[in-house]
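K.L.:
Okay, so here is my_file_33.cif, and as you'll see once you scroll down, it has mmCIF, C-alpha atoms and all ligand atoms.
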data_run
#
loop_
_atom_site.label_atom_id
_atom_site.label_comp_id
_atom_site.auth_asym_id
_atom_site.auth_seq_id
_atom_site.Cartn_x
_atom_site.Cartn_y
_atom_site.Cartn_z
CA MET A 11 -44.21 -75.99 76.66
CA MET A 12 -43.33 -73.28 79.16
CA PRO A 13 -45.82 -70.41 79.12
CA LYS A 14 -44.13 -67.03 78.88
CA ALA A 15 -45.60 -65.96 82.22
CA LEU A 16 -42.27 -65.12 83.74
CA VAL A 17 -41.16 -62.61 81.16
CA PHE A 18 -44.56 -61.15 80.80
CA GLY A 19 -44.39 -58.65 83.65
CA ALA A 20 -41.24 -56.97 82.44
CA ALA A 21 -40.43 -57.49 78.78
CA GLY A 22 -44.05 -58.09 77.84
CA VAL A 23 -45.18 -54.56 78.62
CA VAL A 24 -44.78 -52.87 75.34
CA ALA A 25 -46.16 -49.40 75.67
CA MET A 26 -47.82 -47.06 78.08
CA LEU A 27 -49.86 -44.44 76.34
CA SER A 28 -51.99 -41.64 77.57
CA GLY A 29 -53.87 -38.67 76.22
CA VAL A 30 -55.34 -35.68 78.06
CA ALA A 31 -56.21 -37.19 81.41
CA PRO A 32 -59.83 -36.81 82.56
CA THR A 33 -60.31 -36.18 86.28
CA SER A 34 -60.85 -39.86 86.86
CA ALA A 35 -58.36 -41.21 84.35
CA VAL A 36 -57.53 -44.88 84.65
CA THR A 37 -55.06 -47.11 82.89
CA VAL A 38 -56.58 -50.05 81.04
CA THR A 39 -54.31 -53.01 80.38
CA ILE A 40 -54.92 -55.10 77.28
CA SER A 41 -53.30 -58.32 76.08
CA CYS A 42 -52.70 -58.25 72.35
CA GLY A 43 -51.38 -60.87 69.97
CA ALA A 44 -48.10 -60.29 68.14
CA VAL A 45 -48.50 -62.44 65.02
CA GLY A 46 -47.66 -60.43 61.89
CA GLN A 47 -48.67 -56.80 62.38
CA GLU A 48 -50.99 -57.43 65.31
CA LEU A 49 -48.98 -55.69 67.98
CA GLU A 50 -48.34 -52.56 65.95
CA LEU A 51 -52.01 -52.31 64.97
CA CYS A 52 -53.05 -52.82 68.59
CA ARG A 53 -50.66 -50.08 69.68
CA GLN A 54 -52.11 -47.64 67.15
CA GLY A 55 -55.74 -48.54 67.87
CA THR A 56 -55.42 -48.28 71.63
CA ALA A 57 -53.45 -45.02 71.29
CA ALA A 58 -56.36 -43.52 69.35
CA TRP A 59 -58.75 -44.52 72.16
CA ALA A 60 -56.41 -43.11 74.81
CA GLU A 61 -56.18 -39.87 72.85
CA ALA A 62 -59.95 -39.62 72.53
CA THR A 63 -60.79 -40.45 76.14
CA GLY A 64 -57.80 -39.26 78.14
CA HIS A 65 -57.38 -42.65 79.74
CA GLY A 66 -54.13 -44.58 79.65
CA VAL A 67 -53.48 -47.92 77.99
CA GLU A 68 -50.87 -50.48 78.76
CA ILE A 69 -50.26 -53.26 76.22
CA VAL A 70 -49.06 -56.68 77.16
CA SER A 71 -47.83 -58.91 74.36
CA THR A 72 -48.55 -62.62 74.71
CA PRO A 73 -47.08 -65.79 73.17
CA ASN A 74 -47.79 -66.32 69.48
CA SER A 75 -48.89 -69.91 69.96
CA ALA A 76 -52.59 -70.00 70.85
CA THR A 77 -51.92 -73.07 73.00
CA GLU A 78 -49.28 -71.27 75.07
CA ARG A 79 -51.39 -68.15 75.27
CA LEU A 80 -54.35 -70.06 76.70
CA ALA A 81 -52.12 -71.64 79.35
CA LEU A 82 -50.89 -68.20 80.38
CA TYR A 83 -54.42 -66.74 80.51
CA GLN A 84 -55.72 -69.66 82.56
CA GLN A 85 -52.89 -69.31 85.01
CA MET A 86 -53.54 -65.57 85.46
CA LEU A 87 -57.31 -65.80 85.60
CA ALA A 88 -57.31 -68.71 88.04
CA SER A 89 -55.57 -66.48 90.56
CA GLY A 90 -58.18 -63.76 90.08
CA ALA A 91 -55.44 -61.26 89.22
CA ALA A 92 -56.59 -57.80 88.09
CA ASP A 93 -53.41 -57.24 86.04
CA ILE A 94 -55.11 -57.47 82.66
CA ASP A 95 -58.46 -55.82 81.99
CA VAL A 96 -58.99 -56.74 78.33
CA PHE A 97 -58.09 -60.16 76.96
CA GLN A 98 -57.79 -60.93 73.27
CA ILE A 99 -59.40 -64.37 73.17
CA ASP A 100 -59.53 -67.02 70.45
CA VAL A 101 -62.84 -67.99 68.82
CA ILE A 102 -62.52 -71.43 70.48
CA TRP A 103 -62.19 -70.10 74.04
CA PRO A 104 -65.52 -68.54 75.11
CA GLY A 105 -66.64 -71.85 76.65
CA ILE A 106 -63.33 -72.26 78.46
CA LEU A 107 -62.96 -68.69 79.77
CA ALA A 108 -66.59 -67.51 80.16
CA MET A 109 -66.55 -67.82 83.94
CA HIS A 110 -63.83 -65.16 84.16
CA MET A 111 -65.42 -62.58 81.85
CA ILE A 112 -68.10 -59.91 82.28
CA ASP A 113 -71.28 -59.74 80.20
CA LEU A 114 -70.49 -57.03 77.64
CA SER A 115 -74.14 -56.63 76.63
CA THR A 116 -74.64 -54.36 79.64
CA TYR A 117 -72.02 -51.94 78.26
CA ILE A 118 -72.30 -52.18 74.47
CA PRO A 119 -75.59 -51.25 72.73
CA ALA A 120 -77.41 -54.14 71.03
CA GLU A 121 -77.47 -52.30 67.65
CA GLU A 122 -73.69 -52.29 67.67
CA VAL A 123 -73.41 -55.96 68.58
CA GLU A 124 -75.89 -56.82 65.83
CA GLN A 125 -73.62 -55.36 63.14
CA HIS A 126 -71.29 -58.33 63.62
CA PHE A 127 -71.65 -61.79 62.02
CA PRO A 128 -74.42 -63.51 63.99
CA ALA A 129 -72.53 -66.83 64.09
CA ILE A 130 -69.64 -65.19 65.93
CA VAL A 131 -71.93 -63.36 68.33
CA THR A 132 -73.63 -66.70 69.07
CA ASN A 133 -70.23 -68.33 69.49
CA ASN A 134 -69.28 -65.62 72.02
CA THR A 135 -72.53 -65.91 73.98
CA VAL A 136 -72.34 -68.36 76.86
CA ASP A 137 -75.39 -68.96 79.06
CA GLY A 138 -76.95 -65.77 77.72
CA ALA A 139 -73.91 -63.57 78.47
CA LEU A 140 -71.91 -61.86 75.72
CA VAL A 141 -68.46 -62.80 77.01
CA ALA A 142 -66.49 -61.25 74.12
CA MET A 143 -66.95 -58.81 71.23
CA PRO A 144 -65.93 -60.04 67.76
CA TRP A 145 -62.68 -58.33 66.65
CA PHE A 146 -61.46 -60.16 63.56
CA THR A 147 -62.28 -63.43 61.91
CA ASP A 148 -60.00 -65.87 60.13
CA ALA A 149 -60.15 -68.81 57.74
CA GLY A 150 -57.30 -70.95 56.48
CA VAL A 151 -56.42 -70.18 52.84
CA LEU A 152 -53.90 -71.33 50.24
CA TYR A 153 -51.14 -68.96 49.11
CA TYR A 154 -49.36 -69.74 45.86
CA ARG A 155 -46.67 -68.20 43.69
CA THR A 156 -48.28 -66.90 40.52
CA ASP A 157 -44.90 -66.51 38.77
CA LEU A 158 -43.80 -70.09 39.47
CA LEU A 159 -47.07 -71.69 38.39
CA GLU A 160 -46.66 -69.81 35.14
CA LYS A 161 -42.98 -70.69 34.77
CA TYR A 162 -43.72 -74.40 35.17
CA GLY A 163 -47.00 -74.35 33.22
CA ARG A 164 -49.18 -75.49 36.12
CA GLY A 165 -52.72 -74.36 36.94
CA ILE A 166 -53.87 -73.37 40.43
CA PRO A 167 -54.31 -76.72 42.22
CA THR A 168 -57.83 -77.56 43.33
CA THR A 169 -56.98 -80.91 44.93
CA TRP A 170 -54.25 -81.87 47.37
CA SER A 171 -52.83 -84.35 44.88
CA ALA A 172 -52.58 -81.64 42.21
CA LEU A 173 -50.85 -79.42 44.76
CA ALA A 174 -48.32 -82.15 45.56
CA GLU A 175 -47.68 -82.80 41.89
CA ALA A 176 -47.10 -79.12 41.08
CA ALA A 177 -44.99 -78.68 44.21
CA GLU A 178 -42.70 -81.57 43.22
CA ILE A 179 -42.11 -80.17 39.75
CA ILE A 180 -41.43 -76.66 41.03
CA VAL A 181 -39.10 -77.88 43.79
CA GLU A 182 -37.09 -79.91 41.34
CA GLY A 183 -36.78 -76.99 38.92
CA GLU A 184 -35.95 -74.36 41.53
CA ARG A 185 -33.34 -76.56 43.20
CA LEU A 186 -31.71 -77.31 39.88
CA ALA A 187 -31.70 -73.57 39.25
CA GLY A 188 -29.64 -73.14 42.40
CA ASN A 189 -32.06 -72.58 45.30
CA ASP A 190 -31.11 -75.55 47.48
CA THR A 191 -33.55 -74.75 50.24
CA PHE A 192 -36.62 -74.30 48.05
CA GLN A 193 -39.75 -76.03 49.43
CA GLY A 194 -43.03 -77.12 47.89
CA PHE A 195 -45.57 -76.59 50.66
CA VAL A 196 -45.30 -75.01 54.10
CA PHE A 197 -47.97 -75.02 56.78
CA GLN A 198 -48.36 -75.16 60.59
CA GLY A 199 -47.12 -78.59 61.67
CA SER A 200 -45.93 -77.94 65.22
CA ALA A 201 -47.87 -79.75 67.97
CA TYR A 202 -50.21 -76.88 68.97
CA GLU A 203 -53.60 -75.42 68.13
CA GLY A 204 -52.50 -74.40 64.64
CA LEU A 205 -51.97 -78.05 63.72
CA THR A 206 -55.51 -78.80 64.86
CA CYS A 207 -56.67 -76.19 62.32
CA ASN A 208 -54.53 -77.56 59.47
CA ALA A 209 -55.45 -81.19 60.12
CA LEU A 210 -59.15 -80.46 60.48
CA GLU A 211 -58.95 -78.77 57.07
CA TRP A 212 -57.38 -81.86 55.52
CA ILE A 213 -60.00 -84.09 57.11
CA ASP A 214 -62.90 -81.80 56.26
CA SER A 215 -61.70 -81.56 52.65
CA TYR A 216 -62.31 -85.32 52.48
CA GLY A 217 -65.69 -84.96 54.20
CA GLY A 218 -64.60 -86.23 57.64
CA GLN A 219 -65.02 -84.80 61.16
CA ILE A 220 -63.45 -84.89 64.62
CA VAL A 221 -66.58 -84.59 66.74
CA ALA A 222 -70.08 -84.35 65.25
CA ASP A 223 -72.47 -81.54 66.23
CA ASN A 224 -74.39 -83.99 68.41
CA GLY A 225 -71.27 -84.59 70.48
CA ARG A 226 -70.37 -88.02 69.08
CA VAL A 227 -66.66 -88.58 68.48
CA ARG A 228 -66.17 -89.33 64.78
CA VAL A 229 -62.43 -88.99 64.36
CA ASN A 230 -61.76 -92.60 63.40
CA ASN A 231 -63.29 -92.40 59.93
CA PRO A 232 -61.98 -93.41 56.48
CA ALA A 233 -61.87 -89.78 55.33
CA ALA A 234 -59.56 -88.85 58.21
CA VAL A 235 -57.36 -91.89 57.59
CA ALA A 236 -57.02 -90.98 53.91
CA ALA A 237 -56.41 -87.28 54.60
CA LEU A 238 -53.79 -87.78 57.30
CA THR A 239 -52.00 -90.54 55.39
CA GLU A 240 -51.74 -88.21 52.43
CA ALA A 241 -50.42 -85.36 54.61
CA ALA A 242 -47.81 -87.63 56.19
CA GLY A 243 -46.53 -88.31 52.67
CA TRP A 244 -45.68 -84.62 52.23
CA ILE A 245 -43.09 -84.59 55.01
CA GLY A 246 -39.61 -84.87 53.60
CA THR A 247 -40.95 -84.71 50.01
CA ILE A 248 -42.77 -81.44 49.24
CA SER A 249 -42.52 -80.12 52.83
CA PRO A 250 -39.38 -79.92 54.94
CA GLU A 251 -39.03 -82.04 58.09
CA GLY A 252 -38.81 -78.71 59.89
CA VAL A 253 -42.47 -78.02 59.15
CA LEU A 254 -43.17 -80.27 62.16
CA SER A 255 -42.14 -77.34 64.35
CA TYR A 256 -43.61 -74.50 62.29
CA THR A 257 -46.28 -72.13 63.56
CA GLU A 258 -47.80 -69.36 61.42
CA GLU A 259 -44.79 -67.08 61.43
CA GLU A 260 -42.21 -69.75 60.52
CA ALA A 261 -44.31 -70.77 57.52
CA ARG A 262 -44.70 -67.14 56.49
CA GLY A 263 -40.97 -66.54 56.88
CA VAL A 264 -40.14 -69.29 54.37
CA PHE A 265 -42.84 -68.32 51.89
CA GLN A 266 -42.25 -64.58 52.06
CA ALA A 267 -38.52 -65.04 51.56
CA GLY A 268 -39.38 -66.67 48.23
CA ASN A 269 -38.50 -70.19 49.33
CA ALA A 270 -41.79 -72.04 48.90
CA ALA A 271 -44.30 -72.56 46.11
CA PHE A 272 -47.38 -72.97 48.37
CA MET A 273 -48.33 -72.01 51.90
CA ARG A 274 -51.35 -72.60 54.12
CA ASN A 275 -51.90 -69.61 56.37
CA TRP A 276 -54.45 -67.08 57.59
CA PRO A 277 -55.27 -63.87 55.68
CA TYR A 278 -52.86 -61.68 57.69
CA ALA A 279 -49.95 -63.10 55.69
CA TRP A 280 -51.29 -61.36 52.58
CA ALA A 281 -50.61 -57.80 53.76
CA LEU A 282 -47.04 -58.74 54.66
CA ALA A 283 -46.39 -60.72 51.47
CA GLN A 284 -47.49 -57.61 49.57
CA SER A 285 -45.49 -55.13 51.65
CA ASP A 286 -42.87 -52.93 49.96
CA ASP A 287 -39.87 -54.90 51.15
CA SER A 288 -41.35 -58.35 50.49
CA PRO A 289 -39.37 -60.46 47.98
CA VAL A 290 -42.64 -62.03 46.73
CA ARG A 291 -44.60 -58.80 46.35
CA GLY A 292 -46.82 -59.00 43.26
CA LYS A 293 -46.15 -62.73 42.82
CA VAL A 294 -48.73 -64.17 45.21
CA GLY A 295 -52.28 -65.44 44.79
CA VAL A 296 -54.79 -66.57 47.42
CA VAL A 297 -57.46 -69.22 46.88
CA ALA A 298 -59.56 -71.65 48.91
CA LEU A 299 -57.69 -74.69 50.20
CA PRO A 300 -57.70 -77.76 47.93
CA MET A 301 -60.22 -80.60 48.04
CA GLY A 302 -59.58 -84.15 49.09
CA GLU A 303 -61.05 -87.12 47.23
CA GLY A 304 -64.24 -89.12 47.38
CA PRO A 305 -67.96 -88.34 47.29
CA ASP A 306 -67.86 -85.89 50.21
CA ALA A 307 -64.76 -83.94 49.14
CA GLY A 308 -64.93 -80.16 49.10
CA HIS A 309 -62.97 -76.96 49.45
CA THR A 310 -62.43 -75.95 53.02
CA GLY A 311 -61.00 -73.47 55.51
CA VAL A 312 -61.14 -73.66 59.29
CA LEU A 313 -62.79 -70.83 61.18
CA GLY A 314 -60.40 -68.86 63.36
CA GLY A 315 -60.47 -65.38 64.75
CA TRP A 316 -60.07 -63.27 67.85
CA ASN A 317 -62.41 -61.49 70.20
CA LEU A 318 -62.11 -58.99 73.02
CA ALA A 319 -63.25 -59.88 76.52
CA VAL A 320 -63.19 -57.96 79.81
CA SER A 321 -62.03 -59.75 82.92
CA LYS A 322 -64.37 -60.05 85.90
CA TYR A 323 -61.43 -59.12 88.08
CA SER A 324 -60.90 -55.77 86.32
CA THR A 325 -61.15 -52.82 88.69
CA HIS A 326 -62.45 -50.54 85.90
CA PRO A 327 -64.74 -52.64 83.72
CA GLU A 328 -66.59 -49.64 82.31
CA GLU A 329 -63.49 -48.11 80.74
CA ALA A 330 -62.27 -51.54 79.65
CA ALA A 331 -65.60 -52.22 77.91
CA ASP A 332 -65.38 -48.81 76.26
CA LEU A 333 -61.95 -49.69 74.85
CA VAL A 334 -63.37 -52.97 73.54
CA ARG A 335 -66.26 -51.11 71.93
CA PHE A 336 -63.83 -48.74 70.24
CA LEU A 337 -61.50 -51.47 68.96
CA ALA A 338 -64.38 -53.59 67.61
CA SER A 339 -65.97 -50.61 65.82
CA TYR A 340 -66.50 -50.29 62.07
CA ASP A 341 -63.78 -47.69 61.58
CA GLU A 342 -61.13 -49.53 63.55
CA GLN A 343 -61.94 -52.85 61.86
CA LYS A 344 -61.69 -51.10 58.51
CA ARG A 345 -58.28 -49.69 59.36
CA ARG A 346 -57.01 -53.11 60.48
CA ALA A 347 -58.38 -54.75 57.31
CA VAL A 348 -56.76 -52.20 54.99
CA VAL A 349 -53.39 -52.10 56.73
CA GLY A 350 -53.06 -55.65 58.01
CA ALA A 351 -55.57 -57.88 56.11
CA TYR A 352 -57.33 -58.77 59.37
CA ASN A 353 -60.81 -59.90 58.32
CA PRO A 354 -63.62 -57.74 59.70
CA THR A 355 -66.49 -59.29 61.63
CA ILE A 356 -68.88 -56.65 60.28
CA ALA A 357 -70.51 -57.84 57.04
CA GLY A 358 -70.77 -54.33 55.58
CA LEU A 359 -66.99 -54.01 55.44
CA TYR A 360 -66.83 -56.76 52.80
CA GLN A 361 -68.49 -54.30 50.42
CA ASP A 362 -66.12 -51.48 51.28
CA GLU A 363 -63.99 -50.45 48.31
CA ASP A 364 -60.87 -49.64 50.29
CA VAL A 365 -61.03 -52.98 52.05
CA LEU A 366 -61.54 -54.88 48.78
CA THR A 367 -58.80 -52.98 46.95
CA ALA A 368 -56.33 -53.85 49.69
CA ASN A 369 -57.52 -57.47 49.87
CA PRO A 370 -59.14 -58.60 46.60
CA PHE A 371 -59.59 -62.14 47.96
CA PHE A 372 -61.95 -60.87 50.70
CA GLY A 373 -64.45 -60.62 47.86
CA SER A 374 -63.58 -63.74 45.88
CA LEU A 375 -63.33 -65.90 49.00
CA TYR A 376 -66.35 -64.49 50.80
CA ASP A 377 -67.99 -67.94 50.78
CA THR A 378 -64.91 -69.53 52.32
CA PHE A 379 -65.06 -67.01 55.14
CA ALA A 380 -68.83 -67.30 55.54
CA ASN A 381 -68.84 -71.13 55.53
CA ALA A 382 -65.60 -71.79 57.36
CA VAL A 383 -65.64 -75.05 59.28
CA ALA A 384 -65.67 -74.65 63.06
CA ARG A 385 -63.53 -76.62 65.43
CA PRO A 386 -65.70 -78.58 67.89
CA SER A 387 -65.32 -76.04 70.69
CA ARG A 388 -69.00 -75.34 71.27
CA VAL A 389 -70.07 -78.93 71.66
CA THR A 390 -67.09 -79.90 73.82
CA GLY A 391 -67.28 -76.73 75.94
CA ASP A 392 -64.61 -76.43 78.61
CA ARG A 393 -63.05 -79.72 77.48
CA TYR A 394 -62.19 -78.40 74.04
CA ASN A 395 -58.56 -77.80 74.90
CA ARG A 396 -58.12 -81.43 75.98
CA VAL A 397 -59.76 -82.61 72.75
CA SER A 398 -57.58 -80.37 70.63
CA SER A 399 -54.34 -81.30 72.35
CA GLU A 400 -55.04 -85.02 72.06
CA PHE A 401 -55.91 -84.46 68.42
CA PHE A 402 -52.85 -82.40 67.47
CA ASN A 403 -50.53 -84.76 69.32
CA ALA A 404 -51.99 -87.75 67.44
CA VAL A 405 -51.67 -85.89 64.12
CA HIS A 406 -48.10 -84.93 64.95
CA ARG A 407 -47.25 -88.59 65.57
CA ILE A 408 -48.73 -89.48 62.19
CA LEU A 409 -46.86 -86.73 60.35
CA SER A 410 -43.56 -87.61 61.98
CA GLY A 411 -43.94 -91.27 61.04
CA ALA A 412 -44.16 -92.46 64.66
CA SER A 413 -47.59 -93.96 64.01
CA THR A 414 -49.84 -94.89 61.12
CA ALA A 415 -53.04 -92.91 60.67
CA GLU A 416 -55.11 -96.06 61.32
CA ALA A 417 -53.44 -96.80 64.66
CA ALA A 418 -53.29 -93.20 65.92
CA LEU A 419 -56.91 -92.43 65.01
CA SER A 420 -58.21 -95.61 66.56
CA GLU A 421 -56.42 -94.81 69.85
CA LEU A 422 -57.63 -91.22 69.67
CA GLN A 423 -61.22 -92.35 69.13
CA THR A 424 -61.02 -94.43 72.30
CA SER A 425 -59.51 -91.70 74.42
CA LEU A 426 -61.87 -88.98 73.16
CA ASN A 427 -64.84 -91.30 73.76
CA ARG A 428 -63.69 -91.67 77.35
CA LEU A 429 -63.30 -87.90 77.69
CA SER A 430 -66.73 -87.27 76.18
CA ARG A 431 -68.58 -89.63 78.50
CA GLY A 432 -70.31 -91.20 75.52
CA GLY A 433 -70.91 -88.00 73.57
CA ARG A 434 -72.46 -86.00 76.45
CA TRP A 435 -69.37 -83.92 77.25
C1 LIG A 501 -55.17 -68.04 64.24
C2 LIG A 501 -56.67 -68.18 64.38
C3 LIG A 501 -57.03 -68.84 65.69
C4 LIG A 501 -56.30 -70.16 65.80
C5 LIG A 501 -54.81 -69.96 65.67
C6 LIG A 501 -54.08 -71.29 65.66
O1 LIG A 501 -54.70 -67.10 65.14
O2 LIG A 501 -57.31 -66.93 64.29
O3 LIG A 501 -58.42 -69.03 65.78
O4 LIG A 501 -56.60 -70.82 67.00
O5 LIG A 501 -54.51 -69.27 64.48
O6 LIG A 501 -52.74 -71.13 65.50
#
Could you render the structure as structure tokens?
P.N.:
Amino acid sequence: MMPKALVFGAAGVVAMLSGVAPTSAVTVTISCGAVGQELELCRQGTAAWAEATGHGVEIVSTPNSATERLALYQQMLASGAADIDVFQIDVIWPGILAMHMIDLSTYIPAEEVEQHFPAIVTNNTVDGALVAMPWFTDAGVLYYRTDLLEKYGRGIPTTWSALAEAAEIIVEGERLAGNDTFQGFVFQGSAYEGLTCNALEWIDSYGGQIVADNGRVRVNNPAAVAALTEAAGWIGTISPEGVLSYTEEEARGVFQAGNAAFMRNWPYAWALAQSDDSPVRGKVGVVALPMGEGPDAGHTGVLGGWNLAVSKYSTHPEEAADLVRFLASYDEQKRRAVVGAYNPTIAGLYQDEDVLTANPFFGSLYDTFANAVARPSRVTGDRYNRVSSEFFNAVHRILSGASTAEAALSELQTSLNRLSRGGRW
């Protein structure tokens, strides 16, 4: 897909903000995501820093698809361009982008870094350098319509098969009642990083893996075959064919409009589903994703999240690092959690009353967030993106009926083995 590099210089620049200029005021440019309320929250957070320091901030919005965003970043960073000082980077990218980022530990005091979840700090540390500060974390969760489960006398599904069964009943009833477009289950089925997250959840819920921690490719396993065969059965039954081109925001659009019984998404969708003008306000619950079957089945949720890194090509790294420090701080993470349901990376905020009142499931799903399953980005290092794109393309073929799970996973196993050089990466 075409990265949005061409529009980025003009239309991408969203705001230029400045406070009382210090004698050596600079303008720091930051790339922010625009999924849900991200851009607005970034605008407010950076404006507060600009106000406090007198420096200026320029915000660049980037493509919503993590896959497209990485392509854009790689293109810019490869040229050594100083256009962007602060990059919002995905939890799976430190290994891929480390060579372009400064070591933030020289700018941010250790006590502050230590407030954040140690697993994320470790994830963001490459060859001893802290290449990004944790900003918010993510885990895949299941959204459901409380009113419809009640109307049709169904409990909250704890297995995928129970979800499919409830979805079928609700779809039939709602369509008979006149909503022709009503869907059972929406998720992220487009061929991009989001599908890697969804499919790893299905596989993990059956106890399977893509790549083991020791680097061995494990994707051709019975759990993965069972999980992906089951998911393929949803397309055209409880999920629309169109789900094969959905990213996060398309799924949210359908669910928030009141046209789906269940949705897999990240926590940010909660704040929007509960907003004043949301048709499903007060009718939504959030639980851990369902389990698969078999002895190793369990509830699951893939680890996501975003971090802030400063480019090595920045001409004012000190100010850029100061902006990162400000945005990753306790107070700013609290504000983003309360307003936008972006999960903090500071453990203490999960005991904060305002945060828990705004997002009750931050408390009830703490274990899901703490034990979220990681994509194999650490073990595969700078090859992770290749692994993920081969994986999501194979899954997409299975979902669209172009291949069986057995055939696609066996081919994928062979090609990932080749890429891994026998598990050594
Ligand atoms: C969310 C997650 C991120 C993931 C992306 C996939 O933004 O935080 O880690 O890669 O979704 O779509």
K.L.:
Set the distance at 12 Å and use only C-alpha atoms: which residues neighbour range 83-91 of chain A once local chain neighbours fewer than 4 positions away are removed? I'd like the list as a PyMOL selection string.
P.N.:
chain A and resi 12-16+18-19+41-42+70-73+76-79+95-100+103+106-111+319-325+392+395
K.L.:
For the atom pair CA of Leu49 in chain A and CA of Tyr117 in chain A, what is the interatomic distance in Å to one decimal place?
P.N.:
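Spanning CA of Leu49 in chain A to CA of Tyr117 in chain A is a straight-line distance of 25.5 Å.
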K.L.:
Any residue with an atom at most 8 Å from ligand LIG 501 (chain A) counts, using all atoms listed in the file. Which are they? Put them as a ChimeraX atom specification.
P.N.:
/A:45,74-77,100-102,146-149,198,202-207,257-258,276,313-316
K.L.:
Filtering to C-alpha atoms, could you give me those residues as a JSON list (two decimals), in the coordinates of the input?
P.N.:
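Generated file (selection-v6.json):
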[["chain", "number", "residue", "atom", "x", "y", "z"],
["A", 45, "VAL", "CA", -48.50, -62.44, 65.02],
["A", 74, "ASN", "CA", -47.79, -66.32, 69.48],
["A", 75, "SER", "CA", -48.89, -69.91, 69.96],
["A", 76, "ALA", "CA", -52.59, -70.00, 70.85],
["A", 77, "THR", "CA", -51.92, -73.07, 73.00],
["A", 100, "ASP", "CA", -59.53, -67.02, 70.45],
["A", 101, "VAL", "CA", -62.84, -67.99, 68.82],
["A", 102, "ILE", "CA", -62.52, -71.43, 70.48],
["A", 146, "PHE", "CA", -61.46, -60.16, 63.56],
["A", 147, "THR", "CA", -62.28, -63.43, 61.91],
["A", 148, "ASP", "CA", -60.00, -65.87, 60.13],
["A", 149, "ALA", "CA", -60.15, -68.81, 57.74],
["A", 198, "GLN", "CA", -48.36, -75.16, 60.59],
["A", 202, "TYR", "CA", -50.21, -76.88, 68.97],
["A", 203, "GLU", "CA", -53.60, -75.42, 68.13],
["A", 204, "GLY", "CA", -52.50, -74.40, 64.64],
["A", 205, "LEU", "CA", -51.97, -78.05, 63.72],
["A", 206, "THR", "CA", -55.51, -78.80, 64.86],
["A", 207, "CYS", "CA", -56.67, -76.19, 62.32],
["A", 257, "THR", "CA", -46.28, -72.13, 63.56],
["A", 258, "GLU", "CA", -47.80, -69.36, 61.42],
["A", 276, "TRP", "CA", -54.45, -67.08, 57.59],
["A", 313, "LEU", "CA", -62.79, -70.83, 61.18],
["A", 314, "GLY", "CA", -60.40, -68.86, 63.36],
["A", 315, "GLY", "CA", -60.47, -65.38, 64.75],
["A", 316, "TRP", "CA", -60.07, -63.27, 67.85]]
K.L.:
For Arg155 in chain A, which of A:Gln193, A:Ser420, A:Asn381, A:Thr135 is the closest residue, counting all atoms listed in the file?
P.N.:
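Of A:Gln193, A:Ser420, A:Asn381, A:Thr135, the one nearest Arg155 in chain A, counting all atoms listed in the file, is A:Gln193.
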K.L.:
Report, in Å to a single decimal, how far apart CA of Ala270 in chain A and CA of Asn189 in chain A are.
P.N.:
10.4 Å
K.L.:
Record the distance separating CA of Glu342 in chain A and CA of Asp113 in chain A, expressed in Å with one decimal.
P.N.:
22.0 Å
